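**Student:** Next comes the structure file input_16.tsv, holding TSV, C-alpha atoms.
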```
chain	number	residue	atom	x	y	z
A	1	MET	CA	108.80	83.53	110.78
A	2	GLN	CA	110.67	85.10	107.88
A	3	LEU	CA	112.54	82.83	105.50
A	4	HIS	CA	115.49	85.16	105.01
A	5	LEU	CA	115.97	85.53	108.78
A	6	SER	CA	115.89	81.77	109.37
A	7	THR	CA	118.48	79.03	109.07
A	8	TRP	CA	118.01	75.94	106.93
A	9	LEU	CA	117.68	73.88	110.10
A	10	GLU	CA	114.79	76.06	111.24
A	11	VAL	CA	113.10	75.72	107.87
A	12	GLU	CA	113.54	71.94	107.99
A	13	ARG	CA	111.87	71.85	111.40
A	14	TYR	CA	109.07	74.07	110.13
A	15	LEU	CA	108.40	71.62	107.30
A	16	GLU	CA	107.79	68.91	109.88
A	17	GLN	CA	104.74	70.90	110.97
A	18	SER	CA	103.55	72.66	107.82
A	19	ASN	CA	104.08	72.65	104.05
A	20	GLY	CA	102.68	76.15	103.51
A	21	ILE	CA	104.57	79.31	102.67
A	22	ILE	CA	103.44	82.90	102.10
A	23	LEU	CA	105.03	84.89	99.28
A	24	PRO	CA	104.41	88.66	99.17
A	25	ILE	CA	104.54	90.12	95.68
A	26	GLY	CA	104.10	93.70	94.55
A	27	SER	CA	105.55	96.17	92.09
A	28	THR	CA	107.93	99.12	91.82
A	29	GLU	CA	106.00	101.77	89.92
A	30	GLN	CA	104.75	105.33	90.12
A	31	HIS	CA	101.80	106.00	92.41
A	32	SER	CA	100.95	109.62	91.60
A	33	PRO	CA	102.87	112.68	92.86
A	34	ILE	CA	102.30	111.69	96.52
A	35	GLY	CA	102.29	107.88	96.46
A	36	LEU	CA	105.51	105.96	97.09
A	37	ILE	CA	106.99	104.09	94.13
A	38	GLY	CA	107.25	100.99	96.29
A	39	THR	CA	103.60	101.13	97.42
A	40	ASP	CA	102.48	97.77	96.04
A	41	ALA	CA	105.43	95.85	97.47
A	42	ILE	CA	105.30	97.70	100.80
A	43	CYS	CA	101.63	96.85	101.28
A	44	ALA	CA	102.00	93.20	100.27
A	45	GLU	CA	105.02	92.72	102.53
A	46	ALA	CA	103.46	94.28	105.62
A	47	ILE	CA	100.25	92.30	105.27
A	48	ALA	CA	102.14	89.07	104.54
A	49	ARG	CA	104.17	89.47	107.72
A	50	GLY	CA	101.01	90.14	109.68
A	51	VAL	CA	99.38	87.03	108.25
A	52	GLY	CA	102.53	85.03	108.95
A	53	GLU	CA	102.48	86.08	112.59
A	54	SER	CA	98.76	85.38	112.89
A	55	THR	CA	98.95	81.89	111.36
A	56	HIS	CA	102.50	80.89	112.39
A	57	ALA	CA	103.44	80.61	108.73
A	58	ILE	CA	106.81	81.19	107.13
A	59	VAL	CA	107.03	84.26	104.87
A	60	ALA	CA	109.35	84.36	101.86
A	61	PRO	CA	111.31	87.46	100.78
A	62	THR	CA	109.15	89.99	98.97
A	63	ILE	CA	109.09	90.01	95.18
A	64	ASN	CA	109.40	93.77	94.76
A	65	VAL	CA	109.29	94.14	90.97
A	66	GLY	CA	106.25	92.91	89.09
A	67	MET	CA	104.58	93.35	85.71
A	68	ALA	CA	104.20	97.12	85.32
A	69	LEU	CA	105.34	97.86	81.79
A	70	HIS	CA	102.58	100.43	81.31
A	71	HIS	CA	104.04	102.58	84.11
A	72	THR	CA	107.58	102.75	82.78
A	73	ALA	CA	107.20	106.16	81.12
A	74	PHE	CA	107.33	107.60	84.66
A	75	PRO	CA	110.80	108.00	86.24
A	76	GLY	CA	111.72	105.31	88.75
A	77	SER	CA	109.22	102.71	87.62
A	78	MET	CA	110.59	99.22	87.02
A	79	SER	CA	109.01	96.15	85.45
A	80	LEU	CA	109.54	92.55	84.51
A	81	ARG	CA	108.28	91.32	81.18
A	82	PRO	CA	105.48	88.75	81.63
A	83	SER	CA	107.74	86.00	80.26
A	84	THR	CA	110.47	86.90	82.78
A	85	MET	CA	108.03	86.99	85.67
A	86	ILE	CA	106.62	83.59	84.73
A	87	LEU	CA	110.10	82.05	84.79
A	88	MET	CA	110.93	83.73	88.08
A	89	ILE	CA	107.81	82.42	89.84
A	90	ARG	CA	108.33	79.00	88.30
A	91	ASP	CA	111.91	78.84	89.58
A	92	TYR	CA	110.96	80.10	93.06
A	93	VAL	CA	108.30	77.44	93.47
A	94	THR	CA	110.44	74.69	91.95
A	95	CYS	CA	113.28	75.32	94.40
A	96	LEU	CA	110.99	75.38	97.41
A	97	ALA	CA	108.99	72.32	96.32
A	98	ARG	CA	111.97	69.99	95.92
A	99	PRO	CA	112.23	67.08	98.42
A	100	LEU	CA	114.72	67.66	101.21
A	101	ALA	CA	118.15	66.29	100.34
A	102	GLY	CA	119.15	63.42	102.59
A	103	ASN	CA	115.57	62.96	103.79
A	104	SER	CA	113.55	61.12	101.18
A	105	LYS	CA	110.54	60.96	103.49
A	106	ARG	CA	110.25	64.71	103.88
A	107	SER	CA	108.90	66.81	101.01
A	108	GLY	CA	109.44	70.48	100.38
A	109	PHE	CA	106.73	73.12	100.39
A	110	ARG	CA	103.43	72.23	98.77
A	111	LYS	CA	101.12	75.20	99.45
A	112	PHE	CA	102.25	78.50	97.92
A	113	PHE	CA	100.10	81.44	98.99
A	114	PHE	CA	100.94	84.68	97.19
A	115	ILE	CA	99.76	87.93	98.79
A	116	ASN	CA	99.63	90.41	95.94
A	117	GLY	CA	99.60	94.20	95.96
A	118	HIS	CA	99.45	94.98	92.22
A	119	GLY	CA	96.57	94.33	89.85
A	120	GLY	CA	98.92	94.19	86.86
A	121	ASN	CA	100.50	91.03	88.27
A	122	VAL	CA	97.38	88.89	88.32
A	123	ALA	CA	97.16	87.61	84.74
A	124	THR	CA	100.89	86.83	84.61
A	125	MET	CA	100.77	85.07	87.98
A	126	LYS	CA	97.97	82.79	86.90
A	127	ALA	CA	99.88	81.92	83.75
A	128	ALA	CA	102.96	81.29	85.88
A	129	PHE	CA	101.06	78.84	88.07
A	130	SER	CA	100.04	76.81	85.02
A	131	GLU	CA	103.61	76.82	83.70
A	132	THR	CA	104.90	75.77	87.12
A	133	TYR	CA	102.57	72.78	87.46
A	134	ALA	CA	103.61	71.52	84.03
A	135	HIS	CA	107.31	72.12	84.76
A	136	LEU	CA	107.20	70.21	88.06
A	137	ALA	CA	105.46	67.30	86.35
A	138	ASP	CA	108.09	67.27	83.58
A	139	LEU	CA	110.85	67.15	86.19
A	140	GLY	CA	109.22	64.15	87.79
A	141	ILE	CA	109.40	65.65	91.29
A	142	GLU	CA	107.59	63.31	93.65
A	143	GLY	CA	104.39	64.82	94.98
A	144	SER	CA	104.36	67.57	92.38
A	145	ASP	CA	100.67	66.88	91.77
A	146	ARG	CA	100.03	68.15	95.30
A	147	VAL	CA	101.73	71.51	94.73
A	148	HIS	CA	99.10	74.24	94.78
A	149	CYS	CA	99.46	77.99	94.21
A	150	GLN	CA	96.93	80.65	95.11
A	151	VAL	CA	96.90	84.43	94.91
A	152	SER	CA	95.15	86.73	97.36
A	153	ASN	CA	94.88	90.39	96.35
A	154	TRP	CA	94.75	92.33	99.62
A	155	TYR	CA	92.97	95.30	98.06
A	156	MET	CA	90.12	93.02	96.94
A	157	CYS	CA	89.33	91.75	100.43
A	158	GLY	CA	85.62	92.31	101.03
A	159	SER	CA	86.21	94.15	104.30
A	160	VAL	CA	88.91	96.36	102.73
A	161	TYR	CA	86.77	97.15	99.70
A	162	ARG	CA	83.79	98.12	101.86
A	163	LEU	CA	85.85	100.42	104.08
A	164	ALA	CA	87.46	102.10	101.05
A	165	LYS	CA	84.05	102.82	99.57
A	166	GLU	CA	82.78	104.10	102.92
A	167	LEU	CA	85.75	106.43	103.40
A	168	TYR	CA	86.40	107.60	99.85
A	169	GLY	CA	83.42	106.73	97.64
A	170	ASP	CA	84.17	107.20	93.95
A	171	GLN	CA	87.47	108.93	94.82
A	172	GLU	CA	89.02	105.56	95.66
A	173	GLY	CA	89.70	105.09	91.93
A	174	SER	CA	91.71	102.17	90.60
A	175	HIS	CA	95.38	103.21	90.86
A	176	ALA	CA	97.26	105.34	93.38
A	177	THR	CA	94.21	104.81	95.54
A	178	PRO	CA	93.83	106.50	98.93
A	179	SER	CA	93.47	103.06	100.55
A	180	GLU	CA	96.89	101.83	99.44
A	181	VAL	CA	98.53	105.19	100.09
A	182	ALA	CA	96.98	105.19	103.57
A	183	LEU	CA	98.49	101.77	104.26
A	184	THR	CA	101.97	102.99	103.29
A	185	GLN	CA	101.47	106.03	105.53
A	186	TYR	CA	100.70	103.72	108.44
A	187	ILE	CA	103.75	101.56	107.74
A	188	TYR	CA	106.15	104.43	106.96
A	189	PRO	CA	104.78	107.59	108.65
A	190	GLU	CA	108.16	109.25	108.21
A	191	SER	CA	107.77	109.01	104.41
A	192	ILE	CA	104.41	110.72	103.95
A	193	LYS	CA	104.55	112.97	100.88
A	194	GLN	CA	102.74	116.17	99.99
A	195	ALA	CA	102.23	117.64	96.52
A	196	PRO	CA	99.48	119.61	94.75
A	197	LEU	CA	96.94	117.48	92.89
A	198	SER	CA	94.58	118.79	90.23
A	199	GLU	CA	90.85	118.48	90.87
A	200	ASP	CA	90.39	116.80	87.51
A	201	VAL	CA	91.71	113.24	87.32
A	202	ALA	CA	91.58	110.93	84.32
A	203	LYS	CA	89.70	107.66	84.55
A	204	GLY	CA	88.14	104.98	82.41
A	205	HIS	CA	90.73	104.87	79.62
A	206	PRO	CA	91.98	101.49	78.37
A	207	ILE	CA	95.56	100.51	79.17
A	208	TYR	CA	98.00	100.06	76.29
A	209	GLY	CA	101.72	100.93	76.24
A	210	ALA	CA	103.71	103.11	78.63
A	211	ILE	CA	103.77	106.30	76.54
A	212	ASP	CA	100.06	106.06	75.83
A	213	PHE	CA	99.36	105.44	79.53
A	214	ARG	CA	101.20	108.60	80.59
A	215	ARG	CA	99.41	110.61	77.92
A	216	ARG	CA	96.02	109.43	79.19
A	217	TYR	CA	96.95	109.58	82.90
A	218	PRO	CA	99.46	112.46	83.05
A	219	ASP	CA	99.95	112.54	86.84
A	220	GLY	CA	99.72	108.77	87.25
A	221	ARG	CA	96.35	108.66	89.00
A	222	MET	CA	93.43	106.62	87.70
A	223	GLY	CA	90.28	108.20	89.08
A	224	SER	CA	91.75	108.42	92.57
A	225	ASN	CA	92.33	111.08	95.21
A	226	PRO	CA	95.22	109.83	97.38
A	227	ALA	CA	95.21	113.13	99.28
A	228	LEU	CA	92.33	111.65	101.31
A	229	ALA	CA	94.63	109.03	102.84
A	230	THR	CA	95.62	109.11	106.50
A	231	PRO	CA	97.80	106.79	108.62
A	232	GLU	CA	94.75	106.10	110.80
A	233	HIS	CA	92.88	104.79	107.77
A	234	GLY	CA	95.95	102.71	106.91
A	235	LYS	CA	95.87	101.01	110.28
A	236	GLN	CA	92.25	100.03	109.69
A	237	PHE	CA	93.03	98.62	106.25
A	238	TYR	CA	95.99	96.68	107.63
A	239	GLU	CA	94.02	95.06	110.41
A	240	LEU	CA	91.10	94.15	108.15
A	241	ALA	CA	93.36	92.66	105.47
A	242	VAL	CA	95.43	90.62	107.92
A	243	LYS	CA	92.32	89.19	109.55
A	244	GLU	CA	90.57	88.26	106.31
A	245	ILE	CA	93.64	86.91	104.53
A	246	SER	CA	94.72	84.88	107.57
A	247	SER	CA	91.42	83.00	107.34
A	248	ALA	CA	91.87	82.54	103.59
A	249	TYR	CA	95.41	81.19	104.07
A	250	LEU	CA	94.37	78.65	106.68
A	251	GLU	CA	91.49	77.49	104.48
A	252	PHE	CA	93.89	77.07	101.55
A	253	LEU	CA	96.46	75.30	103.72
A	254	ASN	CA	93.95	72.75	104.99
A	255	ALA	CA	92.23	72.09	101.66
A	256	GLU	CA	92.97	68.89	99.76
```
Just give me the structure as structure tokens.

**Tutor:**
Amino acid sequence: MQLHLSTWLEVERYLEQSNGIILPIGSTEQHSPIGLIGTDAICAEAIARGVGESTHAIVAPTINVGMALHHTAFPGSMSLRPSTMILMIRDYVTCLARPLAGNSKRSGFRKFFFINGHGGNVATMKAAFSETYAHLADLGIEGSDRVHCQVSNWYMCGSVYRLAKELYGDQEGSHATPSEVALTQYIYPESIKQAPLSEDVAKGHPIYGAIDFRRRYPDGRMGSNPALATPEHGKQFYELAVKEISSAYLEFLNAE
């Protein structure tokens, strides 16, 4: 069930059965000469929809732009500042957590499960959760103490991580990875890209500002070889991630 393809009456009925919602979040940033700029959002959205179908959960619209300031020296990359992203997540959760108007006995959503596709989002998201809890308490929203947020990074699933290491070894790298590129190839086979990649790829450098990042990682890769990706690998990653994250969502939903 997708929130943006539902009516408010359908959402109200859903809330009679569940107070959980899945929110895919990614980024719009360069992913090497052959990786799609929307990779992180594409992966998070596809997996979120799969988890939603598996668990009968409602899935919110994808947050496509994340915290990727260090990628913005590459054309097409977009980013929110951490402060902007914190406010955005706070406002999303606040709207969805409000009690239903005209029905004082029925609360809004209480369990917010973010499926994330971008490592650069994590620190800001955790800060946003803390800001959100305090904001809800300040507003005096009834039941705000029972609002819980959790983030699940699909690329960190144990089963996904093991398969990536098995298929790619050290060439998995940490950005523009063959695993995430493979997943986009499975989702959008018509958009598979080809471009020459140098054998040498930078890795291990600290991350500072955007200009420094491009100087250290000139083609956008961080120790990765996305040319190893295939749509068949992507299907495997998708199925593993949906299975593992579905279990994690249900555990989170049923926890006190």

**Student:** Enumerate, as number ranges by chain, the protein, DNA and RNA residues whose atoms approach (94.4, 112.7, 103.2) to within 12 Å, taking into account all atoms listed in the file and the coordinate frame of the file.

**Tutor:** A: 34-35, 167-168, 171-172, 177-183, 185, 192-195, 197, 224-234

**Student:** Please measure the separation of atom CA of Ala44 of chain A and atom CA of Gly204 of chain A, giving the value in Å to one decimal.

**Tutor:**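 Going from atom CA of Ala44 of chain A over to atom CA of Gly204 of chain A, I get 25.5 Å.
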
**Student:** Residues within 12 Å of (111.2, 88.3, 82.8), file coordinates, counting all atoms listed in the file: what are they? Give the list as a ChimeraX atom specification.

**Tutor:** /A:65-69,78-91,124,128

**Student:** Work out how far atom CA of Gly119 of chain A is from atom CA of Phe213 of chain A, in Å to one decimal.

**Tutor:**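 Straight-line distance from atom CA of Phe213 of chain A to atom CA of Gly119 of chain A works out to 15.4 Å.
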
**Student:** Which is closer to Met156 of chain A than all the others in A:Gly143, A:Gly117, A:Pro33, A:Gly209, using all atoms listed in the file?

**Tutor:**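 Nearest candidate to Met156 of chain A out of A:Gly143, A:Gly117, A:Pro33, A:Gly209: A:Gly117.
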
**Student:** Would you pick out the contacts of Thr62 of chain A at 7 Å or less, using all atoms listed in the file, so that residues sharing its chain but fewer than 3 positions from it are not included, and give the list as an NGL selection string?

**Tutor:** :A and (23-25 or 45)

**Student:** Go through A:Cys149, A:Ile115, A:Arg49, A:Leu100 one by one, measure the shortest atom-to-atom distance of each to Glu131 of chain A using all atoms listed in the file, and give the residue with the smallest value.

**Tutor:** A:Cys149

**Student:** Kindly indicate which residue among A:Asp200, A:Asp145, A:Glu10, A:Asp212 lies nearest to His70 of chain A, using all atoms listed in the file for the distances.

**Tutor:**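 For His70 of chain A, the nearest of the given residues is A:Asp212.
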
**Student:** Which distance in Å separates atom CA of Cys95 of chain A and atom CA of Phe113 of chain A, to one decimal?

**Tutor:** 15.2 Å

**Student:** Give the answer as one residue: which of A:His205, A:Arg221, A:His148, A:Lys165 has the shortest atom-to-atom distance to Phe237 of chain A, using only C-alpha atoms?

**Tutor:** A:Lys165

**Student:** Using all atoms listed in the file, pick whichever of A:Tyr161, A:Tyr14, A:Tyr133, A:Trp154 has the shortest atom-to-atom distance to Val51 of chain A.

**Tutor:** A:Trp154

**Student:** Find the spatial neighbours of Thr55 of chain A, counting only C-alpha atoms, within a cut-off of 9 Å - ignore same-chain residues fewer than 5 positions away - and output them as a list in words.

**Tutor:**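 Listing them by chain and then by number gives Gly50, Ser246, Ser247, Tyr249 and Leu250 of chain A.
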
**Student:** Set the distance at 6 Å and use only C-alpha atoms: which residues neighbour Asp40 of chain A once local chain neighbours fewer than 4 positions away are removed? I'd like the list as a PDB file with C-alpha atoms, in the coordinates of the input.

**Tutor:**
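Listed below is the output, selection.pdb:
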```
ATOM      1  CA  GLY A  26     104.100  93.700  94.550  1.00  0.00           C
ATOM      2  CA  SER A  27     105.550  96.170  92.090  1.00  0.00           C
ATOM      3  CA  GLY A 117      99.600  94.200  95.960  1.00  0.00           C
ATOM      4  CA  HIS A 118      99.450  94.980  92.220  1.00  0.00           C
TER       5      HIS A 118
END
```

**Student:** Just add N, CA and C atoms to segment 210-226 of chain A and send it as a CSV table (one decimal), in the frame of the given file.

**Tutor:**
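Printed below is rebuild-v5.csv as written:
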```csv
chain,number,residue,atom,x,y,z
A,210,ALA,N,103.3,102.2,77.6
A,210,ALA,CA,103.7,103.1,78.6
A,210,ALA,C,103.5,104.6,78.2
A,211,ILE,N,103.9,104.9,77.0
A,211,ILE,CA,103.8,106.3,76.5
A,211,ILE,C,102.3,106.7,76.4
A,212,ASP,N,101.5,105.8,75.9
A,212,ASP,CA,100.1,106.1,75.8
A,212,ASP,C,99.4,106.2,77.2
A,213,PHE,N,99.9,105.4,78.2
A,213,PHE,CA,99.4,105.4,79.5
A,213,PHE,C,99.6,106.8,80.1
A,214,ARG,N,100.9,107.3,80.0
A,214,ARG,CA,101.2,108.6,80.6
A,214,ARG,C,100.4,109.7,79.9
A,215,ARG,N,100.2,109.6,78.6
A,215,ARG,CA,99.4,110.6,77.9
A,215,ARG,C,98.0,110.7,78.4
A,216,ARG,N,97.4,109.5,78.7
A,216,ARG,CA,96.0,109.4,79.2
A,216,ARG,C,95.9,109.7,80.7
A,217,TYR,N,96.9,109.4,81.4
A,217,TYR,CA,97.0,109.6,82.9
A,217,TYR,C,98.2,110.4,83.3
A,218,PRO,N,98.2,111.7,83.0
A,218,PRO,CA,99.5,112.5,83.0
A,218,PRO,C,100.1,112.6,84.4
A,219,ASP,N,99.3,112.5,85.5
A,219,ASP,CA,100.0,112.5,86.8
A,219,ASP,C,100.0,111.2,87.5
A,220,GLY,N,99.6,110.1,86.8
A,220,GLY,CA,99.7,108.8,87.2
A,220,GLY,C,98.5,108.3,88.0
A,221,ARG,N,97.6,109.1,88.3
A,221,ARG,CA,96.4,108.7,89.0
A,221,ARG,C,95.3,108.1,88.0
A,222,MET,N,94.5,107.2,88.5
A,222,MET,CA,93.4,106.6,87.7
A,222,MET,C,92.1,106.8,88.5
A,223,GLY,N,91.5,107.9,88.4
A,223,GLY,CA,90.3,108.2,89.1
A,223,GLY,C,90.4,108.3,90.6
A,224,SER,N,91.6,108.5,91.1
A,224,SER,CA,91.8,108.4,92.6
A,224,SER,C,92.1,109.8,93.2
A,225,ASN,N,91.9,109.9,94.5
A,225,ASN,CA,92.3,111.1,95.2
A,225,ASN,C,93.1,110.6,96.4
A,226,PRO,N,94.4,110.3,96.3
A,226,PRO,CA,95.2,109.8,97.4
A,226,PRO,C,95.4,110.9,98.5
```
